[in-house]
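Written out below as structure tokens is the structure these notes cover.
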Amino acid sequence: MAEKIPPELQTRIAQLQQLQEQLRIVLAQKQSVEAELREVERVISELTKMSNDAELYKSIGHILVKTSKEDLMKELTEKKEILELRKRTLEKQESFLQKQFEDLRKKVTEELMKTYRRT
């Protein structure tokens with residue numbers, strides 16, 4: 001059966017598999033960014049409930065360093081903005097890859113139908 005598939009169609013099927021893998025990678029990255037974003041938002045929410053003079057520490061490698069609420073909020077807000085930007089970028093990539101995948105899937109399906117109607 002595989003030997004009856006024309007080489008051009010085999011190439012398109014391989015491209016389809018590559019797109020599917022790229023899409024899977026982008027989705028995994030997006031899930032990771034979303035999880036990190038939720039964590040940052042949760043920490044920001046907890047920090048807003050704390051007094052300005054609360055003793056706060058942040059982890060840098062394997063050590064804890066004392067920091068101010070203001071500095072930590074600034075750092076987390078910047079991190080949140082970066083994560084939101086990364087999430088939007090990944091969503092655009094996902095959308096683009098999804099469209100490419102669907103278009104190519106339709107072409108491959110049509111070509112397969114034509115190929116096997118002839119045989």
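Here's how to read the names in the structure tokens: chain A, B, ... by the order shown, residue numbers from 1 in each chain, ligand numbers from 1 in the order shown.
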
_9 Å contact set for region 93-106 of chain A, only C-alpha atoms, chain neighbours under 3 positions out, as a PyMOL selection string_ = chain A and resi 12-13+15-17+19-20+22-23+26-27+30+88-90+109-111

What residues in chain A get the DSSP label alpha helix (DSSP H)? Please answer as a compact mmCIF listing (two decimals) with N, CA and C atoms, in the first residue's frame.
# COMPACT_ATOMS: atom_id res chain seq x y z
N PRO A 7 5.48 9.85 -4.63
CA PRO A 7 6.51 10.52 -3.82
C PRO A 7 6.09 11.91 -3.33
N GLU A 8 5.38 12.69 -4.17
CA GLU A 8 4.96 14.04 -3.76
C GLU A 8 4.00 13.95 -2.57
N LEU A 9 3.14 12.94 -2.61
CA LEU A 9 2.18 12.75 -1.52
C LEU A 9 2.89 12.28 -0.26
N GLN A 10 3.88 11.44 -0.40
CA GLN A 10 4.67 11.00 0.75
C GLN A 10 5.36 12.20 1.41
N THR A 11 5.85 13.11 0.57
CA THR A 11 6.50 14.32 1.08
C THR A 11 5.50 15.17 1.86
N ARG A 12 4.30 15.31 1.31
CA ARG A 12 3.26 16.10 2.00
C ARG A 12 2.85 15.45 3.31
N ILE A 13 2.79 14.14 3.32
CA ILE A 13 2.45 13.43 4.56
C ILE A 13 3.54 13.67 5.61
N ALA A 14 4.80 13.64 5.19
CA ALA A 14 5.91 13.92 6.10
C ALA A 14 5.82 15.36 6.62
N GLN A 15 5.47 16.31 5.74
CA GLN A 15 5.30 17.71 6.16
C GLN A 15 4.16 17.82 7.18
N LEU A 16 3.11 17.07 6.95
CA LEU A 16 1.97 17.07 7.86
C LEU A 16 2.40 16.58 9.24
N GLN A 17 3.20 15.53 9.26
CA GLN A 17 3.71 15.01 10.53
C GLN A 17 4.61 16.02 11.22
N GLN A 18 5.42 16.73 10.45
CA GLN A 18 6.30 17.76 11.03
C GLN A 18 5.47 18.89 11.63
N LEU A 19 4.44 19.32 10.91
CA LEU A 19 3.57 20.38 11.43
C LEU A 19 2.89 19.93 12.71
N GLN A 20 2.46 18.68 12.73
CA GLN A 20 1.80 18.15 13.93
C GLN A 20 2.75 18.17 15.12
N GLU A 21 4.01 17.82 14.89
CA GLU A 21 5.02 17.84 15.96
C GLU A 21 5.31 19.27 16.41
N GLN A 22 5.42 20.20 15.46
CA GLN A 22 5.65 21.61 15.81
C GLN A 22 4.48 22.14 16.64
N LEU A 23 3.29 21.78 16.25
CA LEU A 23 2.10 22.22 16.97
C LEU A 23 2.09 21.66 18.39
N ARG A 24 2.48 20.39 18.52
CA ARG A 24 2.55 19.77 19.85
C ARG A 24 3.57 20.50 20.74
N ILE A 25 4.70 20.87 20.17
CA ILE A 25 5.75 21.57 20.92
C ILE A 25 5.25 22.95 21.36
N VAL A 26 4.62 23.68 20.45
CA VAL A 26 4.09 25.02 20.78
C VAL A 26 3.03 24.91 21.87
N LEU A 27 2.16 23.92 21.79
CA LEU A 27 1.12 23.74 22.81
C LEU A 27 1.74 23.43 24.18
N ALA A 28 2.78 22.61 24.19
CA ALA A 28 3.46 22.29 25.45
C ALA A 28 4.13 23.54 26.03
N GLN A 29 4.77 24.34 25.17
CA GLN A 29 5.39 25.58 25.64
C GLN A 29 4.33 26.54 26.19
N LYS A 30 3.20 26.62 25.49
CA LYS A 30 2.12 27.52 25.93
C LYS A 30 1.58 27.08 27.29
N GLN A 31 1.41 25.78 27.48
CA GLN A 31 0.94 25.28 28.77
C GLN A 31 1.92 25.63 29.88
N SER A 32 3.20 25.51 29.59
CA SER A 32 4.23 25.83 30.57
C SER A 32 4.19 27.32 30.93
N VAL A 33 4.07 28.17 29.92
CA VAL A 33 4.01 29.62 30.15
C VAL A 33 2.75 29.97 30.94
N GLU A 34 1.63 29.35 30.59
CA GLU A 34 0.38 29.63 31.31
C GLU A 34 0.47 29.22 32.78
N ALA A 35 1.12 28.09 33.05
CA ALA A 35 1.29 27.64 34.44
C ALA A 35 2.17 28.63 35.21
N GLU A 36 3.24 29.07 34.59
CA GLU A 36 4.14 30.04 35.24
C GLU A 36 3.43 31.37 35.46
N LEU A 37 2.62 31.77 34.49
CA LEU A 37 1.86 33.01 34.60
C LEU A 37 0.86 32.95 35.76
N ARG A 38 0.17 31.81 35.88
CA ARG A 38 -0.76 31.64 37.00
C ARG A 38 -0.05 31.74 38.33
N GLU A 39 1.14 31.14 38.41
CA GLU A 39 1.92 31.18 39.64
C GLU A 39 2.34 32.61 39.99
N VAL A 40 2.80 33.36 39.00
CA VAL A 40 3.22 34.75 39.22
C VAL A 40 2.01 35.58 39.67
N GLU A 41 0.87 35.38 39.02
CA GLU A 41 -0.34 36.12 39.40
C GLU A 41 -0.77 35.78 40.83
N ARG A 42 -0.62 34.50 41.20
CA ARG A 42 -0.97 34.09 42.56
C ARG A 42 -0.06 34.76 43.59
N VAL A 43 1.23 34.82 43.28
CA VAL A 43 2.20 35.44 44.19
C VAL A 43 1.92 36.94 44.30
N ILE A 44 1.64 37.59 43.18
CA ILE A 44 1.32 39.02 43.20
C ILE A 44 0.08 39.26 44.05
N SER A 45 -0.91 38.41 43.90
CA SER A 45 -2.14 38.53 44.68
C SER A 45 -1.85 38.41 46.18
N GLU A 46 -1.01 37.47 46.55
CA GLU A 46 -0.66 37.29 47.96
C GLU A 46 0.16 38.47 48.48
N LEU A 47 1.06 38.98 47.64
CA LEU A 47 1.89 40.11 48.05
C LEU A 47 1.05 41.36 48.32
N THR A 48 0.01 41.56 47.53
CA THR A 48 -0.82 42.76 47.73
C THR A 48 -1.54 42.72 49.07
N LYS A 49 -1.71 41.55 49.63
CA LYS A 49 -2.38 41.41 50.93
C LYS A 49 -1.42 41.67 52.09
N LYS A 69 9.06 44.55 49.48
CA LYS A 69 7.82 44.26 48.78
C LYS A 69 7.79 45.02 47.45
N GLU A 70 8.22 46.26 47.49
CA GLU A 70 8.22 47.10 46.29
C GLU A 70 9.09 46.50 45.18
N ASP A 71 10.31 46.08 45.55
CA ASP A 71 11.21 45.49 44.56
C ASP A 71 10.65 44.18 44.01
N LEU A 72 10.09 43.38 44.89
CA LEU A 72 9.53 42.10 44.47
C LEU A 72 8.31 42.29 43.57
N MET A 73 7.48 43.24 43.91
CA MET A 73 6.30 43.53 43.08
C MET A 73 6.74 44.01 41.69
N LYS A 74 7.74 44.87 41.66
CA LYS A 74 8.24 45.37 40.38
C LYS A 74 8.78 44.22 39.54
N GLU A 75 9.58 43.37 40.15
CA GLU A 75 10.17 42.23 39.46
C GLU A 75 9.09 41.28 38.94
N LEU A 76 8.10 40.99 39.78
CA LEU A 76 7.03 40.07 39.38
C LEU A 76 6.12 40.67 38.31
N THR A 77 5.88 41.96 38.38
CA THR A 77 5.06 42.63 37.37
C THR A 77 5.75 42.58 36.01
N GLU A 78 7.06 42.81 36.00
CA GLU A 78 7.82 42.72 34.76
C GLU A 78 7.80 41.29 34.22
N LYS A 79 7.96 40.33 35.11
CA LYS A 79 7.94 38.93 34.70
C LYS A 79 6.57 38.57 34.13
N LYS A 80 5.51 39.08 34.75
CA LYS A 80 4.15 38.82 34.28
C LYS A 80 3.97 39.39 32.87
N GLU A 81 4.45 40.60 32.64
CA GLU A 81 4.34 41.22 31.31
C GLU A 81 5.08 40.39 30.25
N ILE A 82 6.26 39.92 30.60
CA ILE A 82 7.05 39.11 29.67
C ILE A 82 6.31 37.79 29.37
N LEU A 83 5.76 37.17 30.40
CA LEU A 83 5.03 35.92 30.21
C LEU A 83 3.77 36.12 29.38
N GLU A 84 3.08 37.23 29.60
CA GLU A 84 1.88 37.52 28.80
C GLU A 84 2.25 37.72 27.33
N LEU A 85 3.36 38.40 27.08
CA LEU A 85 3.83 38.59 25.72
C LEU A 85 4.21 37.25 25.08
N ARG A 86 4.91 36.44 25.84
CA ARG A 86 5.30 35.11 25.34
C ARG A 86 4.06 34.26 25.05
N LYS A 87 3.06 34.36 25.91
CA LYS A 87 1.82 33.60 25.70
C LYS A 87 1.13 34.05 24.41
N ARG A 88 1.05 35.36 24.20
CA ARG A 88 0.42 35.87 22.97
C ARG A 88 1.19 35.40 21.73
N THR A 89 2.50 35.43 21.81
CA THR A 89 3.33 34.97 20.69
C THR A 89 3.07 33.50 20.40
N LEU A 90 3.01 32.69 21.44
CA LEU A 90 2.75 31.26 21.26
C LEU A 90 1.35 31.01 20.72
N GLU A 91 0.39 31.83 21.14
CA GLU A 91 -0.98 31.68 20.62
C GLU A 91 -1.02 32.00 19.12
N LYS A 92 -0.26 33.00 18.71
CA LYS A 92 -0.19 33.33 17.28
C LYS A 92 0.48 32.19 16.51
N GLN A 93 1.56 31.65 17.06
CA GLN A 93 2.23 30.52 16.42
C GLN A 93 1.29 29.32 16.32
N GLU A 94 0.57 29.08 17.40
CA GLU A 94 -0.38 27.96 17.42
C GLU A 94 -1.44 28.12 16.33
N SER A 95 -1.99 29.31 16.24
CA SER A 95 -3.02 29.60 15.25
C SER A 95 -2.47 29.42 13.83
N PHE A 96 -1.29 29.93 13.59
CA PHE A 96 -0.66 29.83 12.28
C PHE A 96 -0.40 28.36 11.92
N LEU A 97 0.18 27.61 12.86
CA LEU A 97 0.49 26.21 12.61
C LEU A 97 -0.79 25.39 12.43
N GLN A 98 -1.82 25.71 13.23
CA GLN A 98 -3.09 25.00 13.12
C GLN A 98 -3.69 25.19 11.73
N LYS A 99 -3.64 26.42 11.22
CA LYS A 99 -4.18 26.69 9.88
C LYS A 99 -3.37 25.96 8.82
N GLN A 100 -2.04 26.02 8.93
CA GLN A 100 -1.19 25.29 7.99
C GLN A 100 -1.50 23.80 8.02
N PHE A 101 -1.64 23.27 9.23
CA PHE A 101 -1.91 21.84 9.40
C PHE A 101 -3.24 21.47 8.75
N GLU A 102 -4.28 22.25 9.02
CA GLU A 102 -5.60 21.95 8.46
C GLU A 102 -5.60 22.04 6.94
N ASP A 103 -4.96 23.07 6.40
CA ASP A 103 -4.88 23.22 4.95
C ASP A 103 -4.16 22.03 4.31
N LEU A 104 -3.04 21.66 4.88
CA LEU A 104 -2.26 20.55 4.33
C LEU A 104 -2.99 19.22 4.51
N ARG A 105 -3.66 19.07 5.65
CA ARG A 105 -4.43 17.84 5.91
C ARG A 105 -5.51 17.66 4.85
N LYS A 106 -6.20 18.75 4.51
CA LYS A 106 -7.24 18.69 3.48
C LYS A 106 -6.65 18.28 2.13
N LYS A 107 -5.51 18.89 1.78
CA LYS A 107 -4.86 18.56 0.50
C LYS A 107 -4.44 17.10 0.46
N VAL A 108 -3.84 16.63 1.55
CA VAL A 108 -3.39 15.24 1.61
C VAL A 108 -4.59 14.29 1.51
N THR A 109 -5.65 14.61 2.22
CA THR A 109 -6.85 13.77 2.17
C THR A 109 -7.42 13.72 0.75
N GLU A 110 -7.50 14.87 0.10
CA GLU A 110 -8.01 14.92 -1.27
C GLU A 110 -7.12 14.10 -2.21
N GLU A 111 -5.81 14.26 -2.07
CA GLU A 111 -4.89 13.52 -2.93
C GLU A 111 -4.96 12.02 -2.68
N LEU A 112 -5.12 11.64 -1.41
CA LEU A 112 -5.26 10.22 -1.10
C LEU A 112 -6.54 9.65 -1.71
N MET A 113 -7.61 10.43 -1.65
CA MET A 113 -8.87 9.98 -2.23
C MET A 113 -8.71 9.80 -3.74
N LYS A 114 -8.06 10.74 -4.41
CA LYS A 114 -7.85 10.65 -5.85
C LYS A 114 -6.96 9.45 -6.19
N THR A 115 -5.90 9.27 -5.41
CA THR A 115 -4.95 8.18 -5.66
C THR A 115 -5.65 6.82 -5.53
N TYR A 116 -6.44 6.64 -4.51
CA TYR A 116 -7.04 5.33 -4.27
C TYR A 116 -8.33 5.12 -5.06
N ARG A 117 -8.88 6.15 -5.65
CA ARG A 117 -10.03 5.97 -6.54
C ARG A 117 -9.56 5.36 -7.86
N ARG A 118 -8.33 5.74 -8.25
CA ARG A 118 -7.77 5.27 -9.51
C ARG A 118 -7.39 3.80 -9.45

*Picked from chain A by DSSP as strand (DSSP E or B), as an NGL selection string*: :A and (56-60 or 63-67)

*asked:* So that I can check the surroundings of Leu56 (chain A), please list as number ranges by chain every protein, DNA and RNA residue that reaches within 9 Å of it, counting only C-alpha atoms and ignoring chain neighbours fewer than 2 positions away.
replied: A: 53-54, 58, 65-69, 72

Serialized selection, C-alpha atoms, as a tab-separated table (two decimals), in the first residue's frame:
chain	number	residue	atom	x	y	z
A	53	ASP	CA	7.16	46.34	55.87
A	54	ALA	CA	6.75	42.54	55.79
A	58	LYS	CA	13.36	35.57	47.19
A	65	VAL	CA	17.92	36.92	49.70
A	66	LYS	CA	15.97	39.51	51.67
A	67	THR	CA	14.04	41.91	49.45
A	68	SER	CA	11.45	44.65	49.77
A	69	LYS	CA	7.82	44.26	48.78
A	72	LEU	CA	9.53	42.10	44.47
